[in-house]
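Content type mmCIF, C-alpha atoms, from the file start_3.cif:
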data_work
loop_
_atom_site.group_PDB
_atom_site.id
_atom_site.type_symbol
_atom_site.label_atom_id
_atom_site.label_comp_id
_atom_site.auth_asym_id
_atom_site.auth_seq_id
_atom_site.Cartn_x
_atom_site.Cartn_y
_atom_site.Cartn_z
ATOM 1 C CA MET A 1 184.657 51.243 33.046
ATOM 2 C CA THR A 2 180.888 51.105 32.717
ATOM 3 C CA ALA A 3 178.675 53.052 35.062
ATOM 4 C CA THR A 4 175.765 51.361 36.786
ATOM 5 C CA LEU A 5 172.555 53.152 36.081
ATOM 6 C CA PRO A 6 170.167 53.627 39.012
ATOM 7 C CA ALA A 7 166.901 51.736 38.959
ATOM 8 C CA PRO A 8 163.897 53.631 37.621
ATOM 9 C CA ALA A 9 161.995 55.518 40.281
ATOM 10 C CA HIS A 10 158.812 53.562 39.698
ATOM 11 C CA ASP A 11 160.672 50.264 40.273
ATOM 12 C CA ARG A 12 162.380 51.198 43.550
ATOM 13 C CA PRO A 13 159.395 50.553 45.889
ATOM 14 C CA ALA A 14 158.881 47.128 44.352
ATOM 15 C CA ARG A 15 162.567 46.265 44.750
ATOM 16 C CA ARG A 16 162.544 47.437 48.364
ATOM 17 C CA ALA A 17 159.453 45.324 49.027
ATOM 18 C CA ARG A 18 161.141 42.271 47.481
ATOM 19 C CA ARG A 19 164.256 42.835 49.582
ATOM 20 C CA GLY A 20 162.143 43.125 52.725
ATOM 21 C CA THR A 21 160.340 39.900 51.878
ATOM 22 C CA ARG A 22 163.624 38.029 51.509
ATOM 23 C CA THR A 23 165.314 39.361 54.624
ATOM 24 C CA GLY A 24 162.575 39.456 57.223
ATOM 25 C CA VAL A 25 158.914 39.264 58.068
ATOM 26 C CA PRO A 26 156.805 41.707 56.013
ATOM 27 C CA TRP A 27 154.965 44.386 57.898
ATOM 28 C CA LEU A 28 151.530 42.923 57.198
ATOM 29 C CA ALA A 29 152.581 39.497 58.470
ATOM 30 C CA LEU A 30 154.204 41.053 61.536
ATOM 31 C CA ALA A 31 151.050 43.045 62.303
ATOM 32 C CA ALA A 32 148.932 39.893 61.971
ATOM 33 C CA LEU A 33 151.244 37.976 64.329
ATOM 34 C CA LEU A 34 151.179 40.781 66.905
ATOM 35 C CA ALA A 35 147.387 40.872 66.807
ATOM 36 C CA PHE A 36 147.313 37.084 67.101
ATOM 37 C CA ALA A 37 149.662 37.183 70.101
ATOM 38 C CA LEU A 38 147.531 39.864 71.773
ATOM 39 C CA ALA A 39 144.392 37.806 71.171
ATOM 40 C CA VAL A 40 146.037 34.828 72.862
ATOM 41 C CA ALA A 41 147.551 36.716 75.802
ATOM 42 C CA TRP A 42 144.831 39.299 76.427
ATOM 43 C CA PRO A 43 141.681 38.692 74.355
ATOM 44 C CA GLY A 44 139.687 41.241 76.354
ATOM 45 C CA ALA A 45 141.862 44.033 74.976
ATOM 46 C CA LEU A 46 140.692 43.336 71.430
ATOM 47 C CA ALA A 47 137.188 42.073 72.143
ATOM 48 C CA PRO A 48 135.708 43.324 75.422
ATOM 49 C CA GLN A 49 132.300 41.735 74.788
ATOM 50 C CA ASP A 50 131.439 38.411 76.409
ATOM 51 C CA PRO A 51 131.867 35.647 73.778
ATOM 52 C CA PHE A 52 129.206 33.533 75.527
ATOM 53 C CA ALA A 53 126.550 36.231 76.036
ATOM 54 C CA GLU A 54 123.410 35.399 74.021
ATOM 55 C CA ASN A 55 120.969 37.925 72.598
ATOM 56 C CA ILE A 56 118.272 36.257 70.521
ATOM 57 C CA ALA A 57 116.861 39.625 69.472
ATOM 58 C CA GLN A 58 120.090 40.309 67.521
ATOM 59 C CA ARG A 59 120.684 36.815 66.126
ATOM 60 C CA LEU A 60 122.296 36.597 62.671
ATOM 61 C CA SER A 61 122.959 40.340 62.505
ATOM 62 C CA PRO A 62 125.362 41.321 59.705
ATOM 63 C CA PRO A 63 128.712 43.015 60.434
ATOM 64 C CA SER A 64 128.302 46.522 61.824
ATOM 65 C CA THR A 65 130.037 49.004 64.095
ATOM 66 C CA ALA A 66 128.397 47.349 67.109
ATOM 67 C CA HIS A 67 129.414 43.841 65.985
ATOM 68 C CA LEU A 68 132.431 43.910 63.673
ATOM 69 C CA PHE A 69 131.918 40.312 62.496
ATOM 70 C CA GLY A 70 128.168 40.238 63.056
ATOM 71 C CA THR A 71 126.405 37.815 65.403
ATOM 72 C CA ASP A 72 125.761 34.085 65.256
ATOM 73 C CA GLU A 73 122.543 32.069 65.462
ATOM 74 C CA LEU A 74 122.274 32.758 69.223
ATOM 75 C CA GLY A 75 123.078 36.452 68.999
ATOM 76 C CA ARG A 76 126.624 36.092 70.323
ATOM 77 C CA ASP A 77 129.246 38.542 69.094
ATOM 78 C CA LEU A 78 131.239 36.667 66.454
ATOM 79 C CA PHE A 79 134.312 38.898 66.658
ATOM 80 C CA SER A 80 134.651 38.175 70.384
ATOM 81 C CA ARG A 81 134.306 34.462 69.752
ATOM 82 C CA VAL A 82 136.972 34.552 67.031
ATOM 83 C CA VAL A 83 139.377 36.495 69.271
ATOM 84 C CA HIS A 84 138.837 34.219 72.265
ATOM 85 C CA GLY A 85 139.127 31.173 70.007
ATOM 86 C CA ALA A 86 142.695 32.129 69.079
ATOM 87 C CA ARG A 87 143.981 30.903 72.446
ATOM 88 C CA ALA A 88 142.453 27.449 72.039
ATOM 89 C CA SER A 89 143.856 27.076 68.524
ATOM 90 C CA LEU A 90 147.378 28.221 69.406
ATOM 91 C CA LEU A 91 147.724 26.348 72.702
ATOM 92 C CA THR A 92 146.628 23.109 71.067
ATOM 93 C CA ALA A 93 149.051 23.695 68.181
ATOM 94 C CA LEU A 94 151.904 24.490 70.600
ATOM 95 C CA GLY A 95 151.202 21.303 72.523
ATOM 96 C CA ALA A 96 151.335 19.370 69.265
ATOM 97 C CA LEU A 97 154.585 21.111 68.301
ATOM 98 C CA GLY A 98 156.247 20.279 71.625
ATOM 99 C CA PHE A 99 155.297 16.630 71.293
ATOM 100 C CA ALA A 100 156.500 16.490 67.673
ATOM 101 C CA ILE A 101 159.864 18.107 68.483
ATOM 102 C CA GLY A 102 160.467 15.827 71.448
ATOM 103 C CA LEU A 103 159.656 12.618 69.587
ATOM 104 C CA GLY A 104 161.445 13.820 66.452
ATOM 105 C CA LEU A 105 164.638 14.384 68.457
ATOM 106 C CA LEU A 106 164.350 10.992 70.137
ATOM 107 C CA ILE A 107 164.208 9.372 66.700
ATOM 108 C CA GLY A 108 166.522 11.586 64.670
ATOM 109 C CA LEU A 109 169.424 11.954 67.109
ATOM 110 C CA PRO A 110 170.264 8.258 67.601
ATOM 111 C CA ALA A 111 169.449 7.450 63.968
ATOM 112 C CA GLY A 112 171.944 9.995 62.652
ATOM 113 C CA TYR A 113 174.636 9.555 65.290
ATOM 114 C CA LEU A 114 174.664 5.777 65.791
ATOM 115 C CA GLY A 115 173.820 4.725 62.242
ATOM 116 C CA GLY A 116 173.773 1.063 61.291
ATOM 117 C CA ALA A 117 170.850 -1.063 62.424
ATOM 118 C CA THR A 118 169.551 1.684 64.703
ATOM 119 C CA ASP A 119 169.288 4.058 61.765
ATOM 120 C CA ARG A 120 167.583 1.490 59.542
ATOM 121 C CA VAL A 121 164.961 0.508 62.126
ATOM 122 C CA LEU A 122 164.088 4.058 63.153
ATOM 123 C CA MET A 123 163.937 5.370 59.605
ATOM 124 C CA ALA A 124 161.779 2.423 58.563
ATOM 125 C CA ALA A 125 159.239 3.477 61.188
ATOM 126 C CA VAL A 126 159.429 7.049 59.922
ATOM 127 C CA ASP A 127 158.902 5.881 56.333
ATOM 128 C CA VAL A 128 155.720 4.098 57.386
ATOM 129 C CA LEU A 129 154.365 7.360 58.783
ATOM 130 C CA LEU A 130 155.486 9.268 55.703
ATOM 131 C CA ALA A 131 153.551 6.864 53.483
ATOM 132 C CA LEU A 132 150.282 7.980 55.103
ATOM 133 C CA PRO A 133 148.717 11.435 54.685
ATOM 134 C CA SER A 134 149.183 13.522 57.813
ATOM 135 C CA LEU A 135 145.491 14.318 58.140
ATOM 136 C CA LEU A 136 144.651 10.625 57.907
ATOM 137 C CA ILE A 137 147.106 9.850 60.730
ATOM 138 C CA SER A 138 145.518 12.547 62.882
ATOM 139 C CA LEU A 139 142.009 11.278 62.126
ATOM 140 C CA LEU A 140 142.929 7.694 63.010
ATOM 141 C CA ILE A 141 144.461 8.718 66.337
ATOM 142 C CA VAL A 142 141.762 11.145 67.432
ATOM 143 C CA SER A 143 139.039 8.694 66.396
ATOM 144 C CA GLY A 144 140.530 6.054 68.676
ATOM 145 C CA LEU A 145 141.376 8.319 71.604
ATOM 146 C CA GLY A 146 138.287 10.518 71.490
ATOM 147 C CA THR A 147 137.737 14.259 71.396
ATOM 148 C CA GLY A 148 139.550 16.780 73.565
ATOM 149 C CA ARG A 149 142.417 19.219 73.205
ATOM 150 C CA ALA A 150 145.041 16.853 74.634
ATOM 151 C CA ASN A 151 144.117 14.061 72.212
ATOM 152 C CA LEU A 152 143.926 16.574 69.382
ATOM 153 C CA ALA A 153 147.428 17.865 70.152
ATOM 154 C CA LEU A 154 148.758 14.294 70.268
ATOM 155 C CA ALA A 155 147.159 13.432 66.936
ATOM 156 C CA VAL A 156 148.381 16.547 65.139
ATOM 157 C CA GLY A 157 151.863 16.316 66.677
ATOM 158 C CA LEU A 158 152.403 12.700 65.653
ATOM 159 C CA ALA A 159 151.650 13.580 62.035
ATOM 160 C CA SER A 160 154.577 16.069 62.047
ATOM 161 C CA VAL A 161 157.116 13.745 63.672
ATOM 162 C CA PRO A 162 158.475 12.218 60.401
ATOM 163 C CA ALA A 163 159.568 15.566 58.946
ATOM 164 C CA LEU A 164 161.249 16.688 62.168
ATOM 165 C CA ALA A 165 162.929 13.306 62.656
ATOM 166 C CA ARG A 166 164.371 13.326 59.124
ATOM 167 C CA VAL A 167 165.675 16.876 59.397
ATOM 168 C CA THR A 168 167.235 16.065 62.785
ATOM 169 C CA ARG A 169 168.918 12.972 61.355
ATOM 170 C CA ALA A 170 170.272 14.891 58.359
ATOM 171 C CA GLU A 171 171.701 17.637 60.577
ATOM 172 C CA VAL A 172 173.293 15.127 62.953
ATOM 173 C CA LEU A 173 174.936 13.366 60.012
ATOM 174 C CA ARG A 174 176.295 16.696 58.776
ATOM 175 C CA ILE A 175 177.535 17.949 62.149
ATOM 176 C CA SER A 176 179.106 14.595 63.086
ATOM 177 C CA THR A 177 181.726 15.006 60.347
ATOM 178 C CA GLN A 178 182.894 18.412 61.603
ATOM 179 C CA PRO A 179 186.454 18.688 63.060
ATOM 180 C CA PHE A 180 185.290 19.791 66.523
ATOM 181 C CA VAL A 181 183.232 16.589 66.876
ATOM 182 C CA GLU A 182 186.215 14.476 65.843
ATOM 183 C CA ALA A 183 188.330 16.387 68.367
ATOM 184 C CA ALA A 184 185.781 15.620 71.088
ATOM 185 C CA HIS A 185 186.108 11.937 70.218
ATOM 186 C CA GLY A 186 189.875 12.295 70.440
ATOM 187 C CA TYR A 187 189.605 13.715 73.957
ATOM 188 C CA GLY A 188 187.732 10.585 74.983
ATOM 189 C CA LEU A 189 184.340 12.182 75.656
ATOM 190 C CA SER A 190 181.399 9.797 75.857
ATOM 191 C CA ARG A 191 178.948 9.503 72.983
ATOM 192 C CA PRO A 192 175.952 10.895 74.926
ATOM 193 C CA ARG A 193 177.992 13.905 76.035
ATOM 194 C CA ILE A 194 179.208 14.609 72.502
ATOM 195 C CA LEU A 195 175.697 14.228 71.148
ATOM 196 C CA LEU A 196 174.035 16.519 73.689
ATOM 197 C CA ARG A 197 176.764 19.137 74.147
ATOM 198 C CA HIS A 198 178.303 19.389 70.690
ATOM 199 C CA VAL A 199 176.079 17.877 67.996
ATOM 200 C CA LEU A 200 172.607 18.912 69.119
ATOM 201 C CA PRO A 201 173.352 22.622 69.793
ATOM 202 C CA HIS A 202 174.847 23.025 66.316
ATOM 203 C CA SER A 203 171.856 21.281 64.734
ATOM 204 C CA ARG A 204 169.173 23.451 66.275
ATOM 205 C CA GLY A 205 168.961 26.065 63.486
ATOM 206 C CA PRO A 206 167.279 23.983 60.767
ATOM 207 C CA ILE A 207 165.215 22.120 63.379
ATOM 208 C CA LEU A 208 163.806 25.363 64.796
ATOM 209 C CA ALA A 209 163.168 26.722 61.309
ATOM 210 C CA LEU A 210 161.192 23.630 60.363
ATOM 211 C CA ALA A 211 159.346 23.744 63.695
ATOM 212 C CA ALA A 212 158.244 27.308 62.977
ATOM 213 C CA LEU A 213 156.907 26.229 59.588
ATOM 214 C CA GLU A 214 155.191 23.219 61.153
ATOM 215 C CA LEU A 215 153.415 25.484 63.646
ATOM 216 C CA ALA A 216 151.491 27.121 60.797
ATOM 217 C CA THR A 217 150.479 23.697 59.474
ATOM 218 C CA MET A 218 149.466 22.585 62.962
ATOM 219 C CA VAL A 219 147.174 25.571 63.495
ATOM 220 C CA LEU A 220 145.471 24.678 60.226
ATOM 221 C CA SER A 221 145.285 20.969 61.134
ATOM 222 C CA VAL A 222 143.814 21.726 64.567
ATOM 223 C CA SER A 223 141.130 23.860 62.947
ATOM 224 C CA ALA A 224 140.442 21.188 60.331
ATOM 225 C CA LEU A 225 139.915 18.502 62.961
ATOM 226 C CA SER A 226 137.783 20.852 65.047
ATOM 227 C CA PHE A 227 135.756 21.533 61.903
ATOM 228 C CA LEU A 228 135.094 17.786 61.746
ATOM 229 C CA GLY A 229 133.988 17.740 65.389
ATOM 230 C CA TYR A 230 137.113 16.372 67.117
ATOM 231 C CA GLY A 231 138.266 19.566 68.814
ATOM 232 C CA ALA A 232 136.679 22.003 71.238
ATOM 233 C CA GLN A 233 133.022 21.298 71.854
ATOM 234 C CA PRO A 234 130.284 23.972 71.891
ATOM 235 C CA PRO A 235 129.871 26.496 73.378
ATOM 236 C CA ASP A 236 133.681 26.874 73.606
ATOM 237 C CA PRO A 237 134.904 29.008 70.698
ATOM 238 C CA GLU A 238 137.547 27.556 68.381
ATOM 239 C CA TRP A 239 138.177 28.581 64.807
ATOM 240 C CA GLY A 240 137.351 25.256 63.196
ATOM 241 C CA THR A 241 134.232 24.895 65.336
ATOM 242 C CA LEU A 242 133.069 28.402 64.429
ATOM 243 C CA ILE A 243 133.515 27.740 60.719
ATOM 244 C CA ALA A 244 131.619 24.459 60.983
ATOM 245 C CA ALA A 245 128.759 26.075 62.915
ATOM 246 C CA GLY A 246 128.230 28.647 60.165
ATOM 247 C CA ARG A 247 127.808 26.135 57.338
ATOM 248 C CA SER A 248 124.062 25.806 57.859
ATOM 249 C CA TYR A 249 123.602 29.572 57.487
ATOM 250 C CA PHE A 250 126.060 30.282 54.683
ATOM 251 C CA ALA A 251 123.375 31.118 52.098
ATOM 252 C CA THR A 252 121.912 33.908 54.220
ATOM 253 C CA SER A 253 124.629 34.708 56.803
ATOM 254 C CA TRP A 254 127.931 34.324 54.956
ATOM 255 C CA TRP A 255 129.947 36.085 57.663
ATOM 256 C CA LEU A 256 129.585 33.178 60.096
ATOM 257 C CA THR A 257 131.929 31.079 57.956
ATOM 258 C CA ALA A 258 133.788 33.575 55.777
ATOM 259 C CA LEU A 259 135.170 35.886 58.463
ATOM 260 C CA PRO A 260 136.574 33.214 60.845
ATOM 261 C CA GLY A 261 137.963 31.450 57.785
ATOM 262 C CA ALA A 262 139.642 34.652 56.611
ATOM 263 C CA VAL A 263 141.229 35.188 60.040
ATOM 264 C CA LEU A 264 142.501 31.610 60.027
ATOM 265 C CA ALA A 265 143.990 32.046 56.541
ATOM 266 C CA VAL A 266 145.745 35.289 57.472
ATOM 267 C CA VAL A 267 147.252 33.836 60.664
ATOM 268 C CA VAL A 268 148.447 30.653 58.931
ATOM 269 C CA LEU A 269 150.067 32.661 56.123
ATOM 270 C CA ALA A 270 151.720 35.015 58.644
ATOM 271 C CA LEU A 271 153.086 32.100 60.697
ATOM 272 C CA HIS A 272 154.379 30.451 57.535
ATOM 273 C CA ARG A 273 156.116 33.654 56.435
ATOM 274 C CA ALA A 274 157.671 34.058 59.876
ATOM 275 C CA GLY A 275 158.916 30.469 59.693
ATOM 276 C CA ARG A 276 160.533 31.151 56.333
ATOM 277 C CA ALA A 277 162.215 34.266 57.710
ATOM 278 C CA LEU A 278 163.493 32.276 60.699
ATOM 279 C CA GLY A 279 164.833 29.618 58.360
ATOM 280 C CA ALA A 280 166.707 32.249 56.342
ATOM 281 C CA THR A 281 168.450 33.533 59.478
ATOM 282 C CA GLU A 282 169.022 30.240 61.296
ATOM 283 C CA VAL A 283 170.244 27.962 58.521
ATOM 284 C CA ARG A 284 173.933 28.802 58.187
ATOM 285 C CA PRO A 285 176.971 26.658 57.471
ATOM 286 C CA VAL A 286 178.945 25.514 60.490
#
Please render this file's structure as structure tokens.
Amino acid sequence: MTATLPAPAHDRPARRARRGTRTGVPWLALAALLAFALAVAWPGALAPQDPFAENIAQRLSPPSTAHLFGTDELGRDLFSRVVHGARASLLTALGALGFAIGLGLLIGLPAGYLGGATDRVLMAAVDVLLALPSLLISLLIVSGLGTGRANLALAVGLASVPALARVTRAEVLRISTQPFVEAAHGYGLSRPRILLRHVLPHSRGPILALAALELATMVLSVSALSFLGYGAQPPDPEWGTLIAAGRSYFATSWWLTALPGAVLAVVVLALHRAGRALGATEVRPV
């Protein structure tokens, strides 16, 4: 019998870190998500200064203890504007996610359960959307409907429908072959009842995992469209709008663009890591 040697002491922290990354949300990502949630629910707790208060005498001040992220071209506290802008970014992304999940279920459930011509027609429509870049779809929709958070949520949500519809269809196809579904057919239950009470609940794991990953992409897409001028309009703070406003001053006041962009990157990465952790816990065999 061979004995298993313990790992070297210098390698143990790295192995523990790798295990933590595989089994849950890392501490840094969790801290970023908690701060993001606090900024959405209670922005005044993190940034008590008025995000709309102007002070021309302190315009374009660099980061300091008085203004953690500096001030913008009108002397407004940039940190307060970034914190208050978190709510606009998340609420728009959540609206887009709700629309995408709803439409994805309406397409994926009948396509996977009924099959045949219904499946071919619905998946053909999904393939058309998949052939176009998601940002292009969002730009086309928001250009036709106009600016505003509701139109922005609709545009971003529609771009994520194909992925959610395909995952829903695949899960319905998998669950429909399980013995408990065949037994429900044997008891004479109607198709809608079987679909809603037996198939859909057992398909929710992968759908929710993908939805969590899509939320990170939606926050980034909302900011990208706001950067192009289709989101919140000044003086309302929104991350994409703040980044766009700082472009003209980047050579002399780098913080106007770099710091909101860094916050956006950290939040998107944290949401993506949380989605991966949710997928690892939700996706299990039936």
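CA of Ile207 (chain A) lies 17.2 Å from CA of Met123 (chain A).
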task: Name all residues at most 12 Å from region 49-64 of chain A (count all atoms listed in the file; drop same-chain ones fewer than 5 positions away) and give them as number ranges by chain.
output: A: 43-44, 69-85, 234-238, 242, 246, 248-256, 258-259
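Counting from CA of Ala265 (chain A), the distance to CA of Ala32 (chain A) is 10.7 Å.
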Result set, the PyMOL selection byres ((chain A and resi 212-223) around 6) on current file, as an MDAnalysis selection string: chainID A and resid 93 209:211 224:227 239:240 268 271:272 275
Computed gap from CA of Val181 (chain A) to CA of Pro206 (chain A) is 18.6 Å
Need the shell around Leu195 (chain A): protein/DNA/RNA residues with any atom at most 10 Å away, counting all atoms listed in the file. Skip same-chain ones fewer than 2 positions apart. Format as a PyMOL selection string?
chain A and resi 109-110+113+172+175-176+181+189-193+197-201
Practice item. Run the PyMOL selection byres ((chain A and resi 111) around 10) mentally over the shown coordinates, then write out the matched residues as a PyMOL selection string, using the chain letters and numbers from the document. Key: chain A and resi 105-110+112-123+165-166+168-170+172-173
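Picked out by the PyMOL selection byres ((chain A and resi 131-135) around 8) when it runs on this file: Asp127, Val128, Leu129, Leu130, Leu136, Ile137, Ser138, Leu139, Val156, Ala159, Ser160 and Ser221 of chain A.
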Nearest to Ala35 (chain A), restricted to only C-alpha atoms and choosing among A:Gly205, A:Gly146, A:Pro48, A:Ala86, comes out as A:Ala86
Practice task
Could you give me, as number ranges by chain, the residues within 6 Å of Leu164 (chain A), counting only C-alpha atoms and dropping anything in the same chain fewer than 3 positions from it?
Solution key: A: 104, 161, 167
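Comparing the minimum interatomic distances between Ala274 (chain A) and each of A:Leu208, A:Gly102, A:Ala245, A:Gln233, counting only C-alpha atoms, we find that A:Leu208 sits nearest.
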Pick out the residues sitting within 7 Å of Gly148 (chain A), and hand them over as a PDB file with C-alpha atoms, in the coordinates of the input; count only C-alpha atoms, and ignore anything fewer than 5 positions along from it in its own chain.
ATOM      1  CA  TYR A 230     137.113  16.372  67.117  1.00  0.00           C
ATOM      2  CA  GLY A 231     138.266  19.566  68.814  1.00  0.00           C
ATOM      3  CA  ALA A 232     136.679  22.003  71.238  1.00  0.00           C
TER       4      ALA A 232
END
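Considering all atoms listed in the file, the residue among A:Leu152, A:Leu145, A:Leu269, A:Leu278 positioned nearest to Ala29 (chain A) is A:Leu269.
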Report the centre and edge lengths, in Å to one decimal, of an axis-aligned box enclosing every atom of region 149-155 of chain A listed in the file, padded by 4 Å on each side, as JSON.
{"center_x": 145.6, "center_y": 16.3, "center_z": 70.8, "size_x": 14.3, "size_y": 13.8, "size_z": 15.7}
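Between Leu91 (chain A) and the candidates A:Leu264, A:Ile141, A:Ala270, A:Ala153, the tightest atom-to-atom separation, counting all atoms listed in the file, involves A:Ala153.
The shortest atom-to-atom distance to Gly229 (chain A), with only C-alpha atoms taken into account, belongs to A:Ser143 out of A:Gln178, A:Leu103, A:Ser143, A:Arg276.
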